[in-house]
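Below is run_36.cif, which holds mmCIF, C-alpha atoms.
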data_input
loop_
_atom_site.group_PDB
_atom_site.id
_atom_site.type_symbol
_atom_site.label_atom_id
_atom_site.label_comp_id
_atom_site.auth_asym_id
_atom_site.auth_seq_id
_atom_site.Cartn_x
_atom_site.Cartn_y
_atom_site.Cartn_z
ATOM 1 C CA MET W 1 -18.821 -26.048 14.226
ATOM 2 C CA SER W 2 -15.229 -26.274 12.985
ATOM 3 C CA THR W 3 -12.738 -28.440 14.885
ATOM 4 C CA GLU W 4 -9.724 -26.667 13.367
ATOM 5 C CA PRO W 5 -8.014 -24.313 15.871
ATOM 6 C CA LEU W 6 -9.171 -20.739 15.478
ATOM 7 C CA THR W 7 -6.238 -18.400 14.878
ATOM 8 C CA ALA W 8 -6.016 -14.709 14.066
ATOM 9 C CA GLU W 9 -4.666 -15.633 10.621
ATOM 10 C CA ARG W 10 -7.670 -17.868 9.855
ATOM 11 C CA ILE W 11 -10.012 -15.095 10.952
ATOM 12 C CA LEU W 12 -8.247 -12.561 8.716
ATOM 13 C CA GLU W 13 -8.416 -14.904 5.715
ATOM 14 C CA ALA W 14 -12.134 -15.442 6.292
ATOM 15 C CA THR W 15 -12.700 -11.724 6.765
ATOM 16 C CA GLU W 16 -11.064 -10.998 3.392
ATOM 17 C CA GLU W 17 -13.449 -13.444 1.756
ATOM 18 C CA VAL W 18 -16.471 -11.926 3.504
ATOM 19 C CA LEU W 19 -15.399 -8.391 2.551
ATOM 20 C CA ARG W 20 -14.959 -9.445 -1.062
ATOM 21 C CA ARG W 21 -18.415 -10.993 -1.082
ATOM 22 C CA HIS W 22 -20.384 -8.345 0.836
ATOM 23 C CA GLY W 23 -18.250 -5.182 0.844
ATOM 24 C CA PRO W 24 -17.279 -3.119 3.881
ATOM 25 C CA ALA W 25 -20.750 -1.673 4.482
ATOM 26 C CA LYS W 26 -22.569 -5.015 4.689
ATOM 27 C CA ALA W 27 -19.929 -7.422 6.043
ATOM 28 C CA THR W 28 -20.484 -8.389 9.671
ATOM 29 C CA VAL W 29 -18.589 -10.316 12.324
ATOM 30 C CA VAL W 30 -21.435 -12.839 12.232
ATOM 31 C CA ASP W 31 -20.680 -13.397 8.516
ATOM 32 C CA VAL W 32 -17.023 -14.018 9.362
ATOM 33 C CA ALA W 33 -17.951 -16.439 12.143
ATOM 34 C CA ARG W 34 -20.348 -18.270 9.822
ATOM 35 C CA GLN W 35 -17.584 -18.554 7.202
ATOM 36 C CA LEU W 36 -15.349 -20.155 9.850
ATOM 37 C CA GLY W 37 -18.038 -22.318 11.419
ATOM 38 C CA VAL W 38 -17.589 -20.729 14.866
ATOM 39 C CA SER W 39 -19.569 -18.407 17.117
ATOM 40 C CA HIS W 40 -19.121 -14.665 16.691
ATOM 41 C CA GLY W 41 -17.926 -14.584 20.314
ATOM 42 C CA SER W 42 -14.935 -16.694 19.250
ATOM 43 C CA VAL W 43 -13.992 -14.061 16.680
ATOM 44 C CA TYR W 44 -14.319 -11.301 19.289
ATOM 45 C CA ARG W 45 -11.857 -13.145 21.543
ATOM 46 C CA HIS W 46 -9.193 -12.443 18.885
ATOM 47 C CA PHE W 47 -10.438 -9.023 17.726
ATOM 48 C CA ARG W 48 -12.341 -6.992 20.323
ATOM 49 C CA THR W 49 -14.368 -4.924 17.847
ATOM 50 C CA LYS W 50 -15.494 -4.991 14.233
ATOM 51 C CA SER W 51 -13.301 -1.938 13.661
ATOM 52 C CA ALA W 52 -10.218 -3.737 15.042
ATOM 53 C CA LEU W 53 -10.904 -6.686 12.758
ATOM 54 C CA ARG W 54 -11.350 -4.443 9.733
ATOM 55 C CA GLU W 55 -8.110 -2.596 10.499
ATOM 56 C CA ALA W 56 -6.222 -5.870 10.958
ATOM 57 C CA VAL W 57 -7.394 -7.262 7.621
ATOM 58 C CA THR W 58 -6.540 -4.001 5.891
ATOM 59 C CA LYS W 59 -3.070 -3.989 7.481
ATOM 60 C CA ARG W 60 -2.525 -7.550 6.279
ATOM 61 C CA TRP W 61 -3.579 -6.511 2.778
ATOM 62 C CA LEU W 62 -1.391 -3.375 2.742
ATOM 63 C CA ASP W 63 1.592 -5.259 4.172
ATOM 64 C CA ARG W 64 1.685 -7.363 1.007
ATOM 65 C CA THR W 65 2.495 -4.224 -0.994
ATOM 66 C CA THR W 66 5.089 -3.095 1.550
ATOM 67 C CA ARG W 67 6.811 -6.505 1.363
ATOM 68 C CA GLU W 68 6.817 -6.509 -2.456
ATOM 69 C CA LEU W 69 8.428 -3.074 -2.577
ATOM 70 C CA SER W 70 10.946 -3.825 0.166
ATOM 71 C CA ALA W 71 12.658 -6.227 -2.242
ATOM 72 C CA ILE W 72 13.593 -3.137 -4.305
ATOM 73 C CA ALA W 73 14.253 -0.744 -1.412
ATOM 74 C CA ASP W 74 16.357 -3.125 0.670
ATOM 75 C CA ASP W 75 18.691 -4.136 -2.162
ATOM 76 C CA GLU W 76 21.447 -1.508 -2.328
ATOM 77 C CA PRO W 77 21.331 -0.341 -5.946
ATOM 78 C CA LYS W 78 24.178 0.454 -8.293
ATOM 79 C CA ASP W 79 21.812 2.880 -9.995
ATOM 80 C CA ALA W 80 19.588 4.700 -7.484
ATOM 81 C CA GLU W 81 17.593 6.362 -10.265
ATOM 82 C CA ALA W 82 16.681 3.030 -11.861
ATOM 83 C CA SER W 83 15.863 1.653 -8.433
ATOM 84 C CA LEU W 84 13.576 4.561 -7.535
ATOM 85 C CA ARG W 85 11.877 4.345 -10.939
ATOM 86 C CA ALA W 86 11.293 0.606 -10.407
ATOM 87 C CA TRP W 87 10.000 1.236 -6.878
ATOM 88 C CA LEU W 88 7.515 3.912 -8.016
ATOM 89 C CA ALA W 89 6.357 1.705 -10.893
ATOM 90 C CA GLY W 90 5.966 -1.210 -8.465
ATOM 91 C CA LEU W 91 3.836 0.892 -6.112
ATOM 92 C CA PHE W 92 1.641 2.123 -8.949
ATOM 93 C CA GLU W 93 1.189 -1.389 -10.324
ATOM 94 C CA ALA W 94 0.365 -2.788 -6.869
ATOM 95 C CA LYS W 95 -2.266 -0.106 -6.243
ATOM 96 C CA ARG W 96 -3.785 -0.523 -9.723
ATOM 97 C CA ARG W 97 -3.896 -4.285 -9.242
ATOM 98 C CA LYS W 98 -5.576 -3.948 -5.849
ATOM 99 C CA ALA W 99 -8.153 -1.497 -7.187
ATOM 100 C CA GLY W 100 -8.921 -3.746 -10.157
ATOM 101 C CA ASP W 101 -8.574 -7.240 -8.679
ATOM 102 C CA ASP W 102 -9.807 -6.599 -5.140
ATOM 103 C CA PRO W 103 -12.392 -3.804 -5.369
ATOM 104 C CA GLN W 104 -14.148 -4.698 -2.108
ATOM 105 C CA LEU W 105 -10.928 -4.705 -0.072
ATOM 106 C CA PHE W 106 -9.872 -1.560 -1.890
ATOM 107 C CA ALA W 107 -13.172 -0.011 -0.785
ATOM 108 C CA THR W 108 -12.324 -0.993 2.803
ATOM 109 C CA TYR W 109 -8.968 0.748 2.417
ATOM 110 C CA GLU W 110 -10.744 3.881 1.197
ATOM 111 C CA VAL W 111 -13.096 3.776 4.214
ATOM 112 C CA LEU W 112 -10.130 3.523 6.584
ATOM 113 C CA LEU W 113 -8.311 6.324 4.795
ATOM 114 C CA ALA W 114 -11.352 8.531 5.252
ATOM 115 C CA GLU W 115 -11.299 7.665 8.965
ATOM 116 C CA ASN W 116 -7.584 8.623 9.160
ATOM 117 C CA SER W 117 -6.793 5.153 10.388
ATOM 118 C CA ALA W 118 -3.483 4.521 12.105
ATOM 119 C CA VAL W 119 -3.127 1.473 9.839
ATOM 120 C CA VAL W 120 -3.061 3.635 6.722
ATOM 121 C CA GLU W 121 -0.674 6.146 8.322
ATOM 122 C CA GLU W 122 1.662 3.304 9.285
ATOM 123 C CA HIS W 123 1.545 1.996 5.717
ATOM 124 C CA ILE W 124 2.441 5.422 4.310
ATOM 125 C CA THR W 125 5.268 5.811 6.834
ATOM 126 C CA GLU W 126 6.726 2.460 5.771
ATOM 127 C CA LEU W 127 6.506 3.374 2.081
ATOM 128 C CA VAL W 128 8.174 6.755 2.606
ATOM 129 C CA ALA W 129 10.942 5.060 4.610
ATOM 130 C CA GLN W 130 11.614 2.785 1.633
ATOM 131 C CA ILE W 131 11.919 5.795 -0.698
ATOM 132 C CA GLU W 132 14.188 7.428 1.871
ATOM 133 C CA GLN W 133 16.545 4.453 1.731
ATOM 134 C CA ILE W 134 16.849 4.696 -2.061
ATOM 135 C CA VAL W 135 17.302 8.488 -1.910
ATOM 136 C CA HIS W 136 20.011 8.054 0.741
ATOM 137 C CA TRP W 137 21.956 5.655 -1.482
ATOM 138 C CA GLY W 138 21.542 7.995 -4.446
ATOM 139 C CA VAL W 139 22.873 10.998 -2.510
ATOM 140 C CA GLU W 140 25.686 8.939 -0.985
ATOM 141 C CA ARG W 141 26.845 7.881 -4.466
ATOM 142 C CA GLY W 142 26.461 11.323 -6.003
ATOM 143 C CA GLN W 143 23.604 10.163 -8.252
ATOM 144 C CA PHE W 144 21.070 12.458 -6.544
ATOM 145 C CA THR W 145 21.454 16.005 -5.297
ATOM 146 C CA ALA W 146 21.117 16.491 -1.539
ATOM 147 C CA LEU W 147 18.054 18.742 -1.574
ATOM 148 C CA GLY W 148 17.479 18.482 2.169
ATOM 149 C CA PRO W 149 17.139 15.718 4.734
ATOM 150 C CA ASP W 150 16.568 12.360 3.036
ATOM 151 C CA ALA W 151 13.269 11.883 4.901
ATOM 152 C CA GLN W 152 11.964 15.232 3.655
ATOM 153 C CA VAL W 153 12.974 14.492 0.064
ATOM 154 C CA ALA W 154 11.401 11.031 0.273
ATOM 155 C CA ARG W 155 8.109 12.494 1.476
ATOM 156 C CA ALA W 156 8.202 15.044 -1.353
ATOM 157 C CA VAL W 157 8.699 12.232 -3.906
ATOM 158 C CA PHE W 158 5.799 10.318 -2.369
ATOM 159 C CA ASP W 159 3.552 13.390 -2.428
ATOM 160 C CA ALA W 160 4.575 14.363 -5.979
ATOM 161 C CA THR W 161 3.509 10.935 -7.270
ATOM 162 C CA SER W 162 0.318 10.670 -5.190
ATOM 163 C CA ARG W 163 -1.895 10.627 -8.283
ATOM 164 C CA PHE W 164 -0.508 7.165 -8.959
ATOM 165 C CA HIS W 165 -1.038 5.606 -5.536
ATOM 166 C CA ASP W 166 -3.647 7.623 -3.618
ATOM 167 C CA PRO W 167 -6.962 5.719 -3.814
ATOM 168 C CA ALA W 168 -8.819 8.980 -4.456
ATOM 169 C CA TYR W 169 -7.379 8.832 -7.985
ATOM 170 C CA ALA W 170 -8.232 5.161 -8.637
ATOM 171 C CA PRO W 171 -10.863 5.922 -11.337
ATOM 172 C CA GLN W 172 -8.148 7.668 -13.390
ATOM 173 C CA TRP W 173 -5.906 4.564 -13.323
ATOM 174 C CA LEU W 174 -8.069 2.953 -16.007
ATOM 175 C CA LYS W 175 -7.423 5.717 -18.558
ATOM 176 C CA PRO W 176 -5.482 4.481 -21.612
ATOM 177 C CA GLU W 177 -2.918 7.280 -21.310
ATOM 178 C CA ILE W 178 -2.230 6.809 -17.583
ATOM 179 C CA LEU W 179 1.094 4.990 -18.048
ATOM 180 C CA VAL W 180 2.412 7.769 -20.287
ATOM 181 C CA GLU W 181 1.348 10.319 -17.678
ATOM 182 C CA PHE W 182 2.995 8.250 -14.939
ATOM 183 C CA GLU W 183 6.293 8.117 -16.833
ATOM 184 C CA ALA W 184 6.189 11.889 -17.420
ATOM 185 C CA VAL W 185 5.797 12.597 -13.696
ATOM 186 C CA VAL W 186 8.506 10.104 -12.724
ATOM 187 C CA ASP W 187 10.873 11.602 -15.336
ATOM 188 C CA LEU W 188 10.255 15.049 -13.862
ATOM 189 C CA VAL W 189 10.820 13.894 -10.267
ATOM 190 C CA LEU W 190 13.993 11.993 -11.127
ATOM 191 C CA GLY W 191 15.232 14.841 -13.271
ATOM 192 C CA GLY W 192 14.860 17.168 -10.301
ATOM 193 C CA LEU W 193 16.756 14.828 -8.018
ATOM 194 C CA ARG W 194 19.516 14.338 -10.571
ATOM 195 C CA LEU W 195 20.015 17.696 -12.262
ATOM 196 C CA LEU W 196 19.457 20.522 -9.811
ATOM 197 C CA ASP W 197 23.142 20.676 -8.928
ATOM 198 C CA ARG W 198 23.996 21.273 -12.606
ATOM 199 C CA ILE W 199 21.755 24.311 -13.115
#
In structure tokens, write the structure found in this file.
Amino acid sequence: MSTEPLTAERILEATEEVLRRHGPAKATVVDVARQLGVSHGSVYRHFRTKSALREAVTKRWLDRTTRELSAIADDEPKDAEASLRAWLAGLFEAKRRKAGDDPQLFATYEVLLAENSAVVEEHITELVAQIEQIVHWGVERGQFTALGPDAQVARAVFDATSRFHDPAYAPQWLKPEILVEFEAVVDLVLGGLRLLDRI
């Protein structure tokens, strides 16, 4: 048995390793406990169910993306268009990296998405809020057209680019032409935000 104090963070780290090794269908709380050198009851004292543990590890994993992108969204841009382009590219790259580098955790994310998990909904809400901040700055500076409430526009941008961040499309992210297709969609979205008032 381990003598190191058992913390939620240690459990989440071990759970990531177990999920990578076994995948979401085969990973068990007993596997996590074994990885930590503790009883499975000790794990349950921190996370009451296997589902709660799986959601917590997925939230931790998704929060990394949210933090990466917040560096773009929280920095008031001189050029909102360039900032939104960078943010969308950052999201696409983060999702592609997760799908390619962490396929087992990505599979867990897909399972939770299918279950309509509150963790996934929270993640999407945070991402849309970041887009909303960039859109707000763009409208405020006259770089974007006010097409409606900032939150509504932000959600439309998120939905319009879903092919490049929704895990359902992950197999397409390996196509050689995917970056060209991504740029075409982003150009169209930004063009709409920028030019509608000139038509």
**Study point:** Close residues, segment 71-88 of chain W itself excluded, 12 Å, all atoms listed in the file, min 3 positions apart in chain, as a PyMOL selection string
**Key:** chain W and resi 64-68+91-95+126-145+154+157-165+179+182-195
Using only C-alpha atoms, please write the residues we just selected to a file, as an mmCIF file, in the frame of the given file.
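What landed in part-v2.cif:
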data_model
loop_
_atom_site.group_PDB
_atom_site.id
_atom_site.type_symbol
_atom_site.label_atom_id
_atom_site.label_comp_id
_atom_site.auth_asym_id
_atom_site.auth_seq_id
_atom_site.Cartn_x
_atom_site.Cartn_y
_atom_site.Cartn_z
ATOM 1 C CA ARG W 64 1.685 -7.363 1.007
ATOM 2 C CA THR W 65 2.495 -4.224 -0.994
ATOM 3 C CA THR W 66 5.089 -3.095 1.550
ATOM 4 C CA ARG W 67 6.811 -6.505 1.363
ATOM 5 C CA GLU W 68 6.817 -6.509 -2.456
ATOM 6 C CA LEU W 91 3.836 0.892 -6.112
ATOM 7 C CA PHE W 92 1.641 2.123 -8.949
ATOM 8 C CA GLU W 93 1.189 -1.389 -10.324
ATOM 9 C CA ALA W 94 0.365 -2.788 -6.869
ATOM 10 C CA LYS W 95 -2.266 -0.106 -6.243
ATOM 11 C CA GLU W 126 6.726 2.460 5.771
ATOM 12 C CA LEU W 127 6.506 3.374 2.081
ATOM 13 C CA VAL W 128 8.174 6.755 2.606
ATOM 14 C CA ALA W 129 10.942 5.060 4.610
ATOM 15 C CA GLN W 130 11.614 2.785 1.633
ATOM 16 C CA ILE W 131 11.919 5.795 -0.698
ATOM 17 C CA GLU W 132 14.188 7.428 1.871
ATOM 18 C CA GLN W 133 16.545 4.453 1.731
ATOM 19 C CA ILE W 134 16.849 4.696 -2.061
ATOM 20 C CA VAL W 135 17.302 8.488 -1.910
ATOM 21 C CA HIS W 136 20.011 8.054 0.741
ATOM 22 C CA TRP W 137 21.956 5.655 -1.482
ATOM 23 C CA GLY W 138 21.542 7.995 -4.446
ATOM 24 C CA VAL W 139 22.873 10.998 -2.510
ATOM 25 C CA GLU W 140 25.686 8.939 -0.985
ATOM 26 C CA ARG W 141 26.845 7.881 -4.466
ATOM 27 C CA GLY W 142 26.461 11.323 -6.003
ATOM 28 C CA GLN W 143 23.604 10.163 -8.252
ATOM 29 C CA PHE W 144 21.070 12.458 -6.544
ATOM 30 C CA THR W 145 21.454 16.005 -5.297
ATOM 31 C CA ALA W 154 11.401 11.031 0.273
ATOM 32 C CA VAL W 157 8.699 12.232 -3.906
ATOM 33 C CA PHE W 158 5.799 10.318 -2.369
ATOM 34 C CA ASP W 159 3.552 13.390 -2.428
ATOM 35 C CA ALA W 160 4.575 14.363 -5.979
ATOM 36 C CA THR W 161 3.509 10.935 -7.270
ATOM 37 C CA SER W 162 0.318 10.670 -5.190
ATOM 38 C CA ARG W 163 -1.895 10.627 -8.283
ATOM 39 C CA PHE W 164 -0.508 7.165 -8.959
ATOM 40 C CA HIS W 165 -1.038 5.606 -5.536
ATOM 41 C CA LEU W 179 1.094 4.990 -18.048
ATOM 42 C CA PHE W 182 2.995 8.250 -14.939
ATOM 43 C CA GLU W 183 6.293 8.117 -16.833
ATOM 44 C CA ALA W 184 6.189 11.889 -17.420
ATOM 45 C CA VAL W 185 5.797 12.597 -13.696
ATOM 46 C CA VAL W 186 8.506 10.104 -12.724
ATOM 47 C CA ASP W 187 10.873 11.602 -15.336
ATOM 48 C CA LEU W 188 10.255 15.049 -13.862
ATOM 49 C CA VAL W 189 10.820 13.894 -10.267
ATOM 50 C CA LEU W 190 13.993 11.993 -11.127
ATOM 51 C CA GLY W 191 15.232 14.841 -13.271
ATOM 52 C CA GLY W 192 14.860 17.168 -10.301
ATOM 53 C CA LEU W 193 16.756 14.828 -8.018
ATOM 54 C CA ARG W 194 19.516 14.338 -10.571
ATOM 55 C CA LEU W 195 20.015 17.696 -12.262
#
Check your understanding: So which one's closest to Val57 of chain W, W:Pro24, W:Gly41, W:Pro5, W:Pro149? Using only C-alpha atoms, please.
Key ->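 Of all the options, W:Pro24 lies closest to Val57 of chain W.
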Review point. Just how far from atom CA of His123 of chain W is atom CA of His46 of chain W, in Å to one decimal?
Key: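 Distance between the two atoms: 22.3 Å.
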Review point. From the set W:Ala146, W:Lys59, W:Asp101, W:Glu4, which residue has the shortest atom-to-atom contact distance to Leu113 of chain W, counting only C-alpha atoms?
Key: W:Lys59
Leaving out Ala99 of chain W and any residue of its chain fewer than 2 positions from it, which residues lie within 10 Å of it when counting all atoms listed in the file, given as a short mmCIF file (atom, residue, chain, number, x, y, z; two decimals) with C-alpha atoms, in the frame of the given file?
data_model
loop_
_atom_site.label_atom_id
_atom_site.label_comp_id
_atom_site.auth_asym_id
_atom_site.auth_seq_id
_atom_site.Cartn_x
_atom_site.Cartn_y
_atom_site.Cartn_z
CA GLU W 93 1.19 -1.39 -10.32
CA ALA W 94 0.36 -2.79 -6.87
CA LYS W 95 -2.27 -0.11 -6.24
CA ARG W 96 -3.78 -0.52 -9.72
CA ARG W 97 -3.90 -4.28 -9.24
CA ASP W 101 -8.57 -7.24 -8.68
CA ASP W 102 -9.81 -6.60 -5.14
CA PRO W 103 -12.39 -3.80 -5.37
CA GLN W 104 -14.15 -4.70 -2.11
CA LEU W 105 -10.93 -4.70 -0.07
CA PHE W 106 -9.87 -1.56 -1.89
CA ALA W 107 -13.17 -0.01 -0.78
CA TYR W 109 -8.97 0.75 2.42
CA PRO W 167 -6.96 5.72 -3.81
CA ALA W 170 -8.23 5.16 -8.64
CA PRO W 171 -10.86 5.92 -11.34
CA TRP W 173 -5.91 4.56 -13.32
CA LEU W 174 -8.07 2.95 -16.01
#
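Closest approach to Lys98 of chain W among W:Tyr169, W:Gly37, W:Trp61, W:Val120: W:Trp61, based on only C-alpha atoms.
Across the model, the gap from atom CA of Glu55 of chain W to atom CA of Val119 of chain W is 6.5 Å.
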Review point. Selected by the PyMOL selection byres ((chain W and resi 29) around 9) in the shown coordinates: which residues, as a list in words?
Key: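 What the PyMOL selection byres ((chain W and resi 29) around 9) grabs from the file is Thr15, Ala27, Thr28, Val30, Asp31, Val32, Ala33, Arg34, His40, Val43, Tyr44, Thr49, Lys50 and Leu53 of chain W.
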Exercise for review: Between atom CA of Thr7 of chain W and atom CA of Gly23 of chain W, measure the distance and give it in Å to one decimal.
Suggested key: 22.7 Å
Check your understanding: From the list W:Ala52, W:Ile11, W:Leu69, W:Val38, which residue is nearest Leu112 of chain W when using only C-alpha atoms?
Key ->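 Answer, going by the shortest atom-to-atom distance: W:Ala52.
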Please write segment 27-88 of chain W of the preceding block to a file containing C-alpha atoms, as a short mmCIF file (atom, residue, chain, number, x, y, z; two decimals), in the first residue's frame?
data_model
loop_
_atom_site.label_atom_id
_atom_site.label_comp_id
_atom_site.auth_asym_id
_atom_site.auth_seq_id
_atom_site.Cartn_x
_atom_site.Cartn_y
_atom_site.Cartn_z
CA ALA W 27 -11.13 0.50 -17.06
CA THR W 28 -12.36 -0.11 -13.52
CA VAL W 29 -12.05 1.63 -10.16
CA VAL W 30 -10.12 -1.43 -8.99
CA ASP W 31 -7.57 -0.76 -11.76
CA VAL W 32 -7.22 2.83 -10.56
CA ALA W 33 -6.80 1.71 -6.95
CA ARG W 34 -4.19 -0.86 -7.99
CA GLN W 35 -2.30 1.85 -9.91
CA LEU W 36 -2.24 3.95 -6.73
CA GLY W 37 -1.51 1.09 -4.35
CA VAL W 38 -4.68 1.71 -2.31
CA SER W 39 -8.01 -0.04 -1.78
CA HIS W 40 -10.86 0.74 -4.16
CA GLY W 41 -12.81 1.97 -1.12
CA SER W 42 -10.23 4.75 -0.73
CA VAL W 43 -10.95 5.90 -4.28
CA TYR W 44 -14.70 5.85 -3.62
CA ARG W 45 -14.20 8.15 -0.62
CA HIS W 46 -13.12 10.85 -3.11
CA PHE W 47 -15.44 9.90 -6.00
CA ARG W 48 -18.70 8.21 -5.02
CA THR W 49 -19.23 6.36 -8.30
CA LYS W 50 -17.29 5.20 -11.34
CA SER W 51 -19.34 7.66 -13.39
CA ALA W 52 -18.35 10.58 -11.12
CA LEU W 53 -14.70 9.61 -11.46
CA ARG W 54 -14.95 9.34 -15.23
CA GLU W 55 -16.65 12.74 -15.46
CA ALA W 56 -14.03 14.33 -13.21
CA VAL W 57 -11.13 13.01 -15.29
CA THR W 58 -12.84 14.14 -18.48
CA LYS W 59 -13.44 17.61 -17.01
CA ARG W 60 -9.77 17.83 -16.05
CA TRP W 61 -8.81 16.84 -19.59
CA LEU W 62 -11.22 19.30 -21.24
CA ASP W 63 -10.20 22.12 -18.89
CA ARG W 64 -6.71 21.99 -20.39
CA THR W 65 -8.16 23.07 -23.74
CA THR W 66 -10.29 25.77 -22.12
CA ARG W 67 -7.21 27.18 -20.34
CA GLU W 68 -5.12 27.15 -23.53
CA LEU W 69 -7.79 29.07 -25.44
CA SER W 70 -8.46 31.53 -22.63
CA ALA W 71 -5.01 33.00 -23.26
CA ILE W 72 -6.38 34.19 -26.63
CA ALA W 73 -9.90 35.08 -25.49
CA ASP W 74 -8.89 36.98 -22.36
CA ASP W 75 -6.31 39.19 -24.08
CA GLU W 76 -8.19 42.17 -25.54
CA PRO W 77 -7.19 42.13 -29.21
CA LYS W 78 -6.35 45.02 -31.48
CA ASP W 79 -7.62 42.87 -34.33
CA ALA W 80 -10.69 40.84 -33.32
CA GLU W 81 -10.71 38.98 -36.64
CA ALA W 82 -7.14 37.76 -36.19
CA SER W 83 -7.93 36.85 -32.61
CA LEU W 84 -11.03 34.84 -33.54
CA ARG W 85 -9.12 33.10 -36.34
CA ALA W 86 -6.34 32.19 -33.88
CA TRP W 87 -8.90 30.98 -31.33
CA LEU W 88 -10.70 28.74 -33.84
#
